[in-house]
file my_file_26.cif (mmCIF, C-alpha atoms (C1' of nucleotides))
data_entry
#
loop_
_atom_site.group_PDB
_atom_site.id
_atom_site.type_symbol
_atom_site.label_atom_id
_atom_site.label_comp_id
_atom_site.auth_asym_id
_atom_site.auth_seq_id
_atom_site.Cartn_x
_atom_site.Cartn_y
_atom_site.Cartn_z
ATOM 1 C CA MET A 76 96.856 92.810 77.722
ATOM 2 C CA THR A 77 100.045 94.068 79.251
ATOM 3 C CA ASN A 78 98.285 96.856 81.111
ATOM 4 C CA ALA A 79 96.951 94.142 83.405
ATOM 5 C CA ASN A 80 100.370 93.910 85.023
ATOM 6 C CA ALA A 81 100.536 97.668 85.393
ATOM 7 C CA PHE A 82 97.229 97.910 87.235
ATOM 8 C CA ALA A 83 98.072 94.963 89.464
ATOM 9 C CA ALA A 84 101.462 96.503 90.184
ATOM 10 C CA LEU A 85 100.037 99.851 91.261
ATOM 11 C CA ALA A 86 97.288 98.189 93.285
ATOM 12 C CA ASP A 87 99.654 97.570 96.203
ATOM 13 C CA PRO A 88 100.138 100.563 98.536
ATOM 14 C CA THR A 89 103.802 99.811 99.190
ATOM 15 C CA ARG A 90 104.462 99.596 95.470
ATOM 16 C CA ARG A 91 102.739 102.927 94.863
ATOM 17 C CA GLU A 92 104.886 104.406 97.618
ATOM 18 C CA VAL A 93 108.025 103.119 95.904
ATOM 19 C CA PHE A 94 106.811 104.429 92.580
ATOM 20 C CA GLU A 95 106.049 107.882 93.991
ATOM 21 C CA ARG A 96 109.494 108.048 95.537
ATOM 22 C CA LEU A 97 111.083 107.230 92.216
ATOM 23 C CA ALA A 98 109.074 110.043 90.667
ATOM 24 C CA SER A 99 111.319 112.498 92.507
ATOM 25 C CA GLY A 100 114.389 111.032 90.854
ATOM 26 C CA PRO A 101 116.431 107.859 90.421
ATOM 27 C CA LEU A 102 117.258 105.955 93.596
ATOM 28 C CA ALA A 103 119.091 102.796 94.650
ATOM 29 C CA VAL A 104 117.408 99.903 96.439
ATOM 30 C CA GLY A 105 118.940 100.687 99.802
ATOM 31 C CA GLU A 106 117.924 104.331 99.565
ATOM 32 C CA LEU A 107 114.381 103.284 98.789
ATOM 33 C CA ALA A 108 114.204 100.767 101.615
ATOM 34 C CA HIS A 109 115.585 103.316 104.070
ATOM 35 C CA GLY A 110 112.457 105.145 105.197
ATOM 36 C CA LEU A 111 109.966 102.490 104.194
ATOM 37 C CA PRO A 112 108.339 100.283 106.837
ATOM 38 C CA VAL A 113 109.400 97.077 105.054
ATOM 39 C CA SER A 114 112.689 95.253 104.690
ATOM 40 C CA ARG A 115 115.081 95.646 101.793
ATOM 41 C CA PRO A 116 114.272 92.292 100.127
ATOM 42 C CA ALA A 117 110.615 93.297 100.102
ATOM 43 C CA VAL A 118 111.520 96.462 98.193
ATOM 44 C CA SER A 119 113.579 94.379 95.808
ATOM 45 C CA GLN A 120 110.593 92.141 95.086
ATOM 46 C CA HIS A 121 108.346 95.139 94.533
ATOM 47 C CA LEU A 122 110.855 96.601 92.127
ATOM 48 C CA LYS A 123 110.872 93.332 90.217
ATOM 49 C CA VAL A 124 107.088 93.521 89.814
ATOM 50 C CA LEU A 125 107.238 97.162 88.766
ATOM 51 C CA LYS A 126 109.967 96.333 86.266
ATOM 52 C CA GLU A 127 107.954 93.496 84.702
ATOM 53 C CA ALA A 128 105.004 95.871 84.419
ATOM 54 C CA GLY A 129 107.137 98.322 82.444
ATOM 55 C CA LEU A 130 106.851 100.992 85.124
ATOM 56 C CA VAL A 131 110.507 101.255 86.143
ATOM 57 C CA THR A 132 113.946 100.647 84.667
ATOM 58 C CA ASP A 133 117.074 99.437 86.431
ATOM 59 C CA ARG A 134 120.678 100.254 85.725
ATOM 60 C CA PRO A 135 123.705 98.717 87.460
ATOM 61 C CA GLU A 136 126.045 101.292 88.921
ATOM 62 C CA GLY A 137 128.991 99.475 90.443
ATOM 63 C CA ALA A 138 127.865 97.380 93.373
ATOM 64 C CA ARG A 139 124.654 99.378 93.585
ATOM 65 C CA ARG A 140 121.606 99.287 91.343
ATOM 66 C CA VAL A 141 119.710 102.427 90.449
ATOM 67 C CA TYR A 142 116.016 102.353 89.589
ATOM 68 C CA GLN A 143 114.100 104.961 87.642
ATOM 69 C CA ILE A 144 110.582 105.529 86.342
ATOM 70 C CA ASP A 145 109.795 104.212 82.861
ATOM 71 C CA PRO A 146 107.088 106.149 80.994
ATOM 72 C CA HIS A 147 106.219 103.050 78.989
ATOM 73 C CA GLY A 148 103.901 101.468 81.557
ATOM 74 C CA LEU A 149 102.431 104.823 82.459
ATOM 75 C CA GLY A 150 101.505 105.398 78.829
ATOM 76 C CA GLN A 151 99.724 102.070 78.577
ATOM 77 C CA ILE A 152 97.486 102.887 81.524
ATOM 78 C CA ARG A 153 96.740 106.312 80.093
ATOM 79 C CA ALA A 154 95.795 104.792 76.735
ATOM 80 C CA TRP A 155 93.463 102.341 78.426
ATOM 81 C CA LEU A 156 91.782 105.101 80.409
ATOM 82 C CA ASP A 157 91.401 107.403 77.424
ATOM 83 C CA GLN A 158 89.573 104.578 75.700
ATOM 84 C CA PHE A 159 86.682 105.087 78.125
ATOM 85 C CA TRP A 160 87.106 108.706 79.084
ATOM 86 C CA ASP A 161 85.030 110.389 76.362
ATOM 87 C CA ASN A 162 82.524 107.570 76.335
ATOM 88 C CA ALA A 163 82.043 107.748 80.086
ATOM 89 C CA LEU A 164 81.615 111.503 80.045
ATOM 90 C CA SER A 165 78.987 111.471 77.296
ATOM 91 C CA ALA A 166 77.135 108.577 78.925
ATOM 92 C CA PHE A 167 77.170 110.392 82.225
ATOM 93 C CA ALA A 168 75.826 113.557 80.612
ATOM 94 C CA ALA A 169 73.046 111.541 79.004
ATOM 95 C CA GLU A 170 72.241 109.996 82.373
ATOM 96 C CA VAL A 171 72.025 113.429 83.997
ATOM 97 C CA GLU A 172 69.676 114.618 81.268
ATOM 98 C CA ARG A 173 67.567 111.483 81.657
ATOM 99 C CA SER A 174 67.391 112.076 85.408
ATOM 100 C CA VAL A 175 66.134 115.590 84.762
ATOM 101 C CA ASP A 176 63.372 114.239 82.506
ATOM 102 C CA GLU A 177 62.511 111.445 84.889
ATOM 103 C CA SER A 178 59.106 113.073 85.575
ATOM 104 C CA ASP A 179 58.533 113.606 81.854
ATOM 105 C CA PRO A 180 59.128 110.236 80.209
ATOM 106 C CA GLU A 181 57.990 111.288 76.751
ATOM 107 C CA LYS A 182 59.984 110.417 73.696
ATOM 108 C CA GLU A 183 62.637 112.858 72.634
ATOM 109 C CA LYS A 184 62.245 111.730 69.019
ATOM 110 C CA PRO A 185 61.562 114.643 66.619
ATOM 111 C CA MET B 101 94.112 108.728 98.813
ATOM 112 C CA THR B 102 90.863 107.507 97.390
ATOM 113 C CA ASN B 103 92.528 106.475 94.145
ATOM 114 C CA ALA B 104 93.890 103.511 96.089
ATOM 115 C CA ASN B 105 90.495 101.858 95.855
ATOM 116 C CA ALA B 106 90.286 102.617 92.154
ATOM 117 C CA PHE B 107 93.611 100.944 91.359
ATOM 118 C CA ALA B 108 92.805 97.932 93.514
ATOM 119 C CA ALA B 109 89.406 97.674 91.851
ATOM 120 C CA LEU B 110 90.801 97.678 88.316
ATOM 121 C CA ALA B 111 93.573 95.264 89.254
ATOM 122 C CA ASP B 112 91.227 92.285 89.016
ATOM 123 C CA PRO B 113 90.671 90.946 85.465
ATOM 124 C CA THR B 114 87.019 90.068 86.036
ATOM 125 C CA ARG B 115 86.366 93.549 87.370
ATOM 126 C CA ARG B 116 88.015 95.127 84.338
ATOM 127 C CA GLU B 117 85.834 92.926 82.132
ATOM 128 C CA VAL B 118 82.718 94.169 83.942
ATOM 129 C CA PHE B 119 83.927 97.730 83.644
ATOM 130 C CA GLU B 120 84.617 97.405 79.927
ATOM 131 C CA ARG B 121 81.162 95.964 79.339
ATOM 132 C CA LEU B 122 79.606 98.895 81.135
ATOM 133 C CA ALA B 123 81.567 101.217 78.891
ATOM 134 C CA SER B 124 79.297 100.178 76.025
ATOM 135 C CA GLY B 125 76.254 101.309 77.971
ATOM 136 C CA PRO B 126 74.247 100.776 81.165
ATOM 137 C CA LEU B 127 73.450 97.167 82.055
ATOM 138 C CA ALA B 128 71.666 95.227 84.791
ATOM 139 C CA VAL B 129 73.402 92.677 87.008
ATOM 140 C CA GLY B 130 71.834 89.688 85.293
ATOM 141 C CA GLU B 131 72.779 90.984 81.866
ATOM 142 C CA LEU B 132 76.348 91.460 83.036
ATOM 143 C CA ALA B 133 76.560 88.002 84.594
ATOM 144 C CA HIS B 134 75.124 86.396 81.443
ATOM 145 C CA GLY B 135 78.220 85.920 79.306
ATOM 146 C CA LEU B 136 80.754 86.108 82.093
ATOM 147 C CA PRO B 137 82.432 82.940 83.369
ATOM 148 C CA VAL B 138 81.421 83.681 86.974
ATOM 149 C CA SER B 139 78.147 83.475 88.856
ATOM 150 C CA ARG B 140 75.748 86.362 89.386
ATOM 151 C CA PRO B 141 76.608 86.932 93.073
ATOM 152 C CA ALA B 142 80.249 87.231 92.085
ATOM 153 C CA VAL B 143 79.344 89.979 89.648
ATOM 154 C CA SER B 144 77.327 91.654 92.369
ATOM 155 C CA GLN B 145 80.335 91.661 94.688
ATOM 156 C CA HIS B 146 82.546 93.085 91.963
ATOM 157 C CA LEU B 147 80.017 95.822 91.320
ATOM 158 C CA LYS B 148 80.074 96.688 95.002
ATOM 159 C CA VAL B 149 83.843 97.138 94.878
ATOM 160 C CA LEU B 150 83.623 99.224 91.718
ATOM 161 C CA LYS B 151 80.922 101.360 93.298
ATOM 162 C CA GLU B 152 82.973 102.005 96.443
ATOM 163 C CA ALA B 153 85.884 103.005 94.202
ATOM 164 C CA GLY B 154 83.717 105.610 92.479
ATOM 165 C CA LEU B 155 83.953 103.846 89.135
ATOM 166 C CA VAL B 156 80.279 102.923 88.639
ATOM 167 C CA THR B 157 76.857 104.143 89.718
ATOM 168 C CA ASP B 158 73.750 102.091 90.397
ATOM 169 C CA ARG B 159 70.129 103.018 89.886
ATOM 170 C CA PRO B 160 67.084 100.892 90.872
ATOM 171 C CA GLU B 161 64.727 100.254 87.987
ATOM 172 C CA GLY B 162 61.823 98.230 89.287
ATOM 173 C CA ALA B 163 62.996 94.847 90.485
ATOM 174 C CA ARG B 164 66.173 95.256 88.447
ATOM 175 C CA ARG B 165 69.239 97.334 89.190
ATOM 176 C CA VAL B 166 71.072 99.125 86.413
ATOM 177 C CA TYR B 167 74.774 99.938 86.676
ATOM 178 C CA GLN B 168 76.631 102.585 84.724
ATOM 179 C CA ILE B 169 80.145 104.003 84.500
ATOM 180 C CA ASP B 170 80.945 106.942 86.771
ATOM 181 C CA PRO B 171 83.633 109.307 85.394
ATOM 182 C CA HIS B 172 84.547 110.330 88.930
ATOM 183 C CA GLY B 173 86.873 107.432 89.680
ATOM 184 C CA LEU B 174 88.312 107.519 86.200
ATOM 185 C CA GLY B 175 89.224 111.172 86.671
ATOM 186 C CA GLN B 176 91.042 110.479 89.918
ATOM 187 C CA ILE B 177 93.274 107.902 88.281
ATOM 188 C CA ARG B 178 93.973 110.257 85.408
ATOM 189 C CA ALA B 179 94.923 113.026 87.828
ATOM 190 C CA TRP B 180 97.259 110.699 89.681
ATOM 191 C CA LEU B 181 98.948 109.619 86.450
ATOM 192 C CA ASP B 182 99.299 113.162 85.125
ATOM 193 C CA GLN B 183 101.128 113.984 88.348
ATOM 194 C CA PHE B 184 104.037 111.849 87.136
ATOM 195 C CA TRP B 185 103.601 111.976 83.396
ATOM 196 C CA ASP B 186 105.651 115.091 82.577
ATOM 197 C CA ASN B 187 108.193 114.302 85.276
ATOM 198 C CA ALA B 188 108.679 110.767 84.002
ATOM 199 C CA LEU B 189 109.098 111.926 80.414
ATOM 200 C CA SER B 190 111.706 114.531 81.258
ATOM 201 C CA ALA B 191 113.558 112.140 83.555
ATOM 202 C CA PHE B 192 113.552 109.522 80.845
ATOM 203 C CA ALA B 193 114.883 111.999 78.308
ATOM 204 C CA ALA B 194 117.664 112.953 80.714
ATOM 205 C CA GLU B 195 118.475 109.272 81.179
ATOM 206 C CA VAL B 196 118.708 108.741 77.430
ATOM 207 C CA GLU B 197 121.057 111.703 77.109
ATOM 208 C CA ARG B 198 123.133 110.393 80.004
ATOM 209 C CA SER B 199 123.307 107.017 78.320
ATOM 210 C CA VAL B 200 124.625 108.665 75.162
ATOM 211 C CA ASP B 201 127.376 110.360 77.163
ATOM 212 C CA GLU B 202 128.170 107.233 79.120
ATOM 213 C CA SER B 203 131.613 107.078 77.538
ATOM 214 C CA ASP B 204 132.252 110.729 78.417
ATOM 215 C CA PRO B 205 131.566 110.984 82.127
ATOM 216 C CA GLU B 206 132.803 114.571 82.498
ATOM 217 C CA LYS B 207 130.823 117.093 84.413
ATOM 218 C CA GLU B 208 128.273 119.097 82.483
ATOM 219 C CA LYS B 209 128.660 121.947 84.985
ATOM 220 C CA PRO B 210 129.534 125.285 83.324
ATOM 221 C "C1'" DC C 293 143.423 87.702 99.227
ATOM 222 C "C1'" DT C 294 140.117 89.145 102.772
ATOM 223 C "C1'" DC C 295 136.509 91.897 104.438
ATOM 224 C "C1'" DT C 296 132.693 94.968 103.735
ATOM 225 C "C1'" DT C 297 128.863 96.699 101.253
ATOM 226 C "C1'" DT C 298 125.052 96.168 98.209
ATOM 227 C "C1'" DC C 299 121.748 93.542 96.011
ATOM 228 C "C1'" DG C 300 118.911 89.375 94.174
ATOM 229 C "C1'" DT C 301 116.802 84.930 95.317
ATOM 230 C "C1'" DT C 302 114.708 81.187 97.981
ATOM 231 C "C1'" DA C 303 111.877 78.901 101.610
ATOM 232 C "C1'" DG C 304 108.274 79.430 104.555
ATOM 233 C "C1'" DT C 305 104.386 81.658 106.980
ATOM 234 C "C1'" DC C 306 100.150 84.294 107.235
ATOM 235 C "C1'" DA C 307 96.527 87.248 105.829
ATOM 236 C "C1'" DC C 308 93.571 88.730 102.172
ATOM 237 C "C1'" DC C 309 90.763 88.034 98.017
ATOM 238 C "C1'" DG C 310 87.742 85.935 94.630
ATOM 239 C "C1'" DC C 311 84.380 82.378 93.943
ATOM 240 C "C1'" DT C 312 80.344 79.380 94.992
ATOM 241 C "C1'" DT C 313 76.307 77.866 97.562
ATOM 242 C "C1'" DA C 314 72.473 79.140 100.270
ATOM 243 C "C1'" DC C 315 69.321 82.391 102.122
ATOM 244 C "C1'" DG C 316 66.302 86.672 102.724
ATOM 245 C "C1'" DG C 317 64.084 90.729 100.713
ATOM 246 C "C1'" DT C 318 61.644 93.457 97.187
ATOM 247 C "C1'" DA C 319 58.991 94.507 92.818
ATOM 248 C "C1'" DA C 320 55.798 92.887 89.084
ATOM 249 C "C1'" DG C 321 52.129 89.417 87.196
ATOM 250 C "C1'" DC C 322 48.358 85.953 87.678
ATOM 251 C "C1'" DG D 49 47.407 86.691 98.513
ATOM 252 C "C1'" DC D 50 50.681 83.718 95.906
ATOM 253 C "C1'" DT D 51 54.079 82.908 92.674
ATOM 254 C "C1'" DT D 52 57.956 84.336 89.776
ATOM 255 C "C1'" DA D 53 61.938 87.117 88.686
ATOM 256 C "C1'" DC D 54 65.825 89.850 90.210
ATOM 257 C "C1'" DC D 55 69.170 91.214 93.394
ATOM 258 C "C1'" DG D 56 72.172 91.767 97.779
ATOM 259 C "C1'" DT D 57 74.427 89.447 101.635
ATOM 260 C "C1'" DA D 58 76.529 85.731 104.768
ATOM 261 C "C1'" DA D 59 79.351 81.650 105.333
ATOM 262 C "C1'" DG D 60 82.894 78.791 103.809
ATOM 263 C "C1'" DC D 61 86.763 77.335 101.021
ATOM 264 C "C1'" DG D 62 90.890 77.362 97.911
ATOM 265 C "C1'" DG D 63 94.501 80.143 95.969
ATOM 266 C "C1'" DT D 64 97.419 83.977 95.515
ATOM 267 C "C1'" DG D 65 100.396 87.559 97.223
ATOM 268 C "C1'" DA D 66 103.187 90.261 100.670
ATOM 269 C "C1'" DC D 67 106.488 89.847 104.122
ATOM 270 C "C1'" DT D 68 110.655 88.104 106.894
ATOM 271 C "C1'" DA D 69 114.783 85.388 107.651
ATOM 272 C "C1'" DA D 70 118.647 83.210 105.622
ATOM 273 C "C1'" DC D 71 121.825 82.343 101.908
ATOM 274 C "C1'" DG D 72 124.712 83.413 97.800
ATOM 275 C "C1'" DA D 73 126.901 86.557 94.234
ATOM 276 C "C1'" DA D 74 129.427 90.667 92.653
ATOM 277 C "C1'" DA D 75 132.092 95.082 93.195
ATOM 278 C "C1'" DG D 76 135.339 97.933 95.790
ATOM 279 C "C1'" DA D 77 138.721 99.024 99.827
ATOM 280 C "C1'" DG D 78 142.356 97.541 102.688
#
call {"tool": "encode", "arguments": {"input": "my_file_26.cif", "output": "structure tokens"}}
result
Amino acid sequence: MTNANAFAALADPTRREVFERLASGPLAVGELAHGLPVSRPAVSQHLKVLKEAGLVTDRPEGARRVYQIDPHGLGQIRAWLDQFWDNALSAFAAEVERSVDESDPEKEKP
Amino acid sequence: MTNANAFAALADPTRREVFERLASGPLAVGELAHGLPVSRPAVSQHLKVLKEAGLVTDRPEGARRVYQIDPHGLGQIRAWLDQFWDNALSAFAAEVERSVDESDPEKEKP
DNA sequence: CTCTTTCGTTAGTCACCGCTTACGGTAAGC
DNA sequence: GCTTACCGTAAGCGGTGACTAACGAAAGAG
């Protein structure tokens, strides 16, 4: 359910850029906007989306506001992926084996 | 770089639904569309996006066309997440510790 | 108190995306 | 050869999202 927001949040290139910058350490909004090709309000909106997706956390520090990565959203995406990881690998292996036997379509039943 | 397509592909709810159905096993386009609230061409377009993102593979089977999950795209997303996973956890732990010492803002320098 | 800095929010515009309808193309069955 | 089933693609439309400009609020320095 909630991982929907996380995927949608990381779908935007600018938002991924912001997220990757925060991976290096906590930063304020102005520091993030400085160096990005968009205005500061745009960064603020992106941070709001990332916050609602559980990907970042904000902390007021005087007049400034420091943002930081939150492992919560990251964990949700990982859990969703792991749900298909083993299944996808085994299915892919079966497909490869089937492709090998494509010229020998006899039953593999004992 | 290429993971951008994967995130954008999984950002759409209908596309995630298609992907989750394929996780249970290979299916044709008509079988996928039957049971989804969208038309068959819509499913076909979604499958095209998923294919370009490296998330599914297609194989012609007579007049039908069978789609299947491709672990390639899934692995790219996992790699991208793992790039931040440890960093995010340690940063979060440091933040928690900082929050505990918030009433004792003295330098931790030796 | 005033001025500056920093940030969030709103209004408005513009491009992109997802969906449907309609059409063409290919493989199997009579 | 003709029909039926299955699928991809093009055109068109409505809705959502990303961005900028402008305004307002809060903290700190003078």
call {"tool": "atom_distance", "arguments": {"input": "my_file_26.cif", "atom1": "atom CA of Pro141 of chain B", "atom2": "atom CA of Leu85 of chain A"}}
result
26.8 Å
call {"tool": "atom_distance", "arguments": {"input": "my_file_26.cif", "atom1": "atom CA of Gly173 of chain B", "atom2": "atom CA of Asn103 of chain B"}}
result
7.3 Å
call {"tool": "axis_aligned_box", "arguments": {"input": "my_file_26.cif", "around": "segment 159-169 of chain B", "padding_each_side": "3 Å", "output": "AutoDock Vina command-line options"}}
result
--center_x 71.0 --center_y 99.4 --center_z 87.7 --size_x 24.3 --size_y 15.2 --size_z 12.4
call {"tool": "closest_atom_pairs", "arguments": {"input": "my_file_26.cif", "of": "chain B", "to": "chain A", "cutoff": "10 Å", "atoms": "all atoms listed in the file", "output": "CSV"}}
result
residue,atom,partner,partner_atom,distance
B:Asn103,CA,A:Ala86,CA,9.6
B:Ala104,CA,A:Ala86,CA,6.9
B:Asn105,CA,A:Ala86,CA,8.1
B:Ala106,CA,A:Ala86,CA,8.4
B:Phe107,CA,A:Ala86,CA,5.0
B:Ala108,CA,A:Ala86,CA,4.5
B:Ala109,CA,A:Ala86,CA,8.0
B:Leu110,CA,A:Phe82,CA,6.5
B:Ala111,CA,A:Ala83,CA,4.5
B:Asp112,CA,A:Ala83,CA,7.4
B:Pro113,CA,A:Ala79,CA,7.3
B:Arg116,CA,A:Ala79,CA,9.0
B:Phe119,CA,A:Phe159,CA,9.6
B:Glu120,CA,A:Phe159,CA,8.2
B:Leu122,CA,A:Ala163,CA,9.2
B:Ala123,CA,A:Phe159,CA,6.5
B:Ser124,CA,A:Asn162,CA,8.1
B:Gly125,CA,A:Ala166,CA,7.4
B:Pro126,CA,A:Ala166,CA,8.6
B:Val156,CA,A:Ala163,CA,10.0
B:Thr157,CA,A:Phe167,CA,9.8
B:Gln168,CA,A:Phe167,CA,8.2
B:Ile169,CA,A:Ala163,CA,6.1
B:Asp170,CA,A:Ala163,CA,6.8
B:Pro171,CA,A:Ala163,CA,5.8
B:His172,CA,A:Leu164,CA,9.4
B:Leu174,CA,A:Leu156,CA,7.2
B:Gly175,CA,A:Trp160,CA,8.3
B:Ile177,CA,A:Leu156,CA,8.5
B:Arg178,CA,A:Arg153,CA,7.2
B:Leu181,CA,A:Leu149,CA,7.1
B:Asp182,CA,A:Arg153,CA,8.9
B:Gln183,CA,A:Ala98,CA,9.2
B:Phe184,CA,A:Ala98,CA,6.4
B:Trp185,CA,A:Pro146,CA,7.2
B:Asp186,CA,A:Pro146,CA,9.2
B:Asn187,CA,A:Ala98,CA,6.9
B:Ala188,CA,A:Pro146,CA,5.7
B:Leu189,CA,A:Pro146,CA,6.1
B:Ser190,CA,A:Pro146,CA,9.6
B:Ala191,CA,A:Gly100,CA,7.4
B:Phe192,CA,A:Asp145,CA,6.8
B:Glu195,CA,A:Gln143,CA,8.9
call {"tool": "write_last_selection", "arguments": {"input": "my_file_26.cif", "atoms": "C-alpha atoms", "output": "compact mmCIF listing (two decimals), in the coordinates of the input"}}
result
# COMPACT_ATOMS: atom_id res chain seq x y z
CA ASN B 103 92.53 106.48 94.14
CA ALA B 104 93.89 103.51 96.09
CA ASN B 105 90.50 101.86 95.86
CA ALA B 106 90.29 102.62 92.15
CA PHE B 107 93.61 100.94 91.36
CA ALA B 108 92.80 97.93 93.51
CA ALA B 109 89.41 97.67 91.85
CA LEU B 110 90.80 97.68 88.32
CA ALA B 111 93.57 95.26 89.25
CA ASP B 112 91.23 92.28 89.02
CA PRO B 113 90.67 90.95 85.46
CA ARG B 116 88.02 95.13 84.34
CA PHE B 119 83.93 97.73 83.64
CA GLU B 120 84.62 97.40 79.93
CA LEU B 122 79.61 98.90 81.14
CA ALA B 123 81.57 101.22 78.89
CA SER B 124 79.30 100.18 76.03
CA GLY B 125 76.25 101.31 77.97
CA PRO B 126 74.25 100.78 81.17
CA VAL B 156 80.28 102.92 88.64
CA THR B 157 76.86 104.14 89.72
CA GLN B 168 76.63 102.58 84.72
CA ILE B 169 80.14 104.00 84.50
CA ASP B 170 80.94 106.94 86.77
CA PRO B 171 83.63 109.31 85.39
CA HIS B 172 84.55 110.33 88.93
CA LEU B 174 88.31 107.52 86.20
CA GLY B 175 89.22 111.17 86.67
CA ILE B 177 93.27 107.90 88.28
CA ARG B 178 93.97 110.26 85.41
CA LEU B 181 98.95 109.62 86.45
CA ASP B 182 99.30 113.16 85.12
CA GLN B 183 101.13 113.98 88.35
CA PHE B 184 104.04 111.85 87.14
CA TRP B 185 103.60 111.98 83.40
CA ASP B 186 105.65 115.09 82.58
CA ASN B 187 108.19 114.30 85.28
CA ALA B 188 108.68 110.77 84.00
CA LEU B 189 109.10 111.93 80.41
CA SER B 190 111.71 114.53 81.26
CA ALA B 191 113.56 112.14 83.56
CA PHE B 192 113.55 109.52 80.84
CA GLU B 195 118.48 109.27 81.18
call {"tool": "atom_distance", "arguments": {"input": "my_file_26.cif", "atom1": "atom C1' of DG56 of chain D", "atom2": "atom CA of Pro137 of chain B"}}
result
19.8 Å
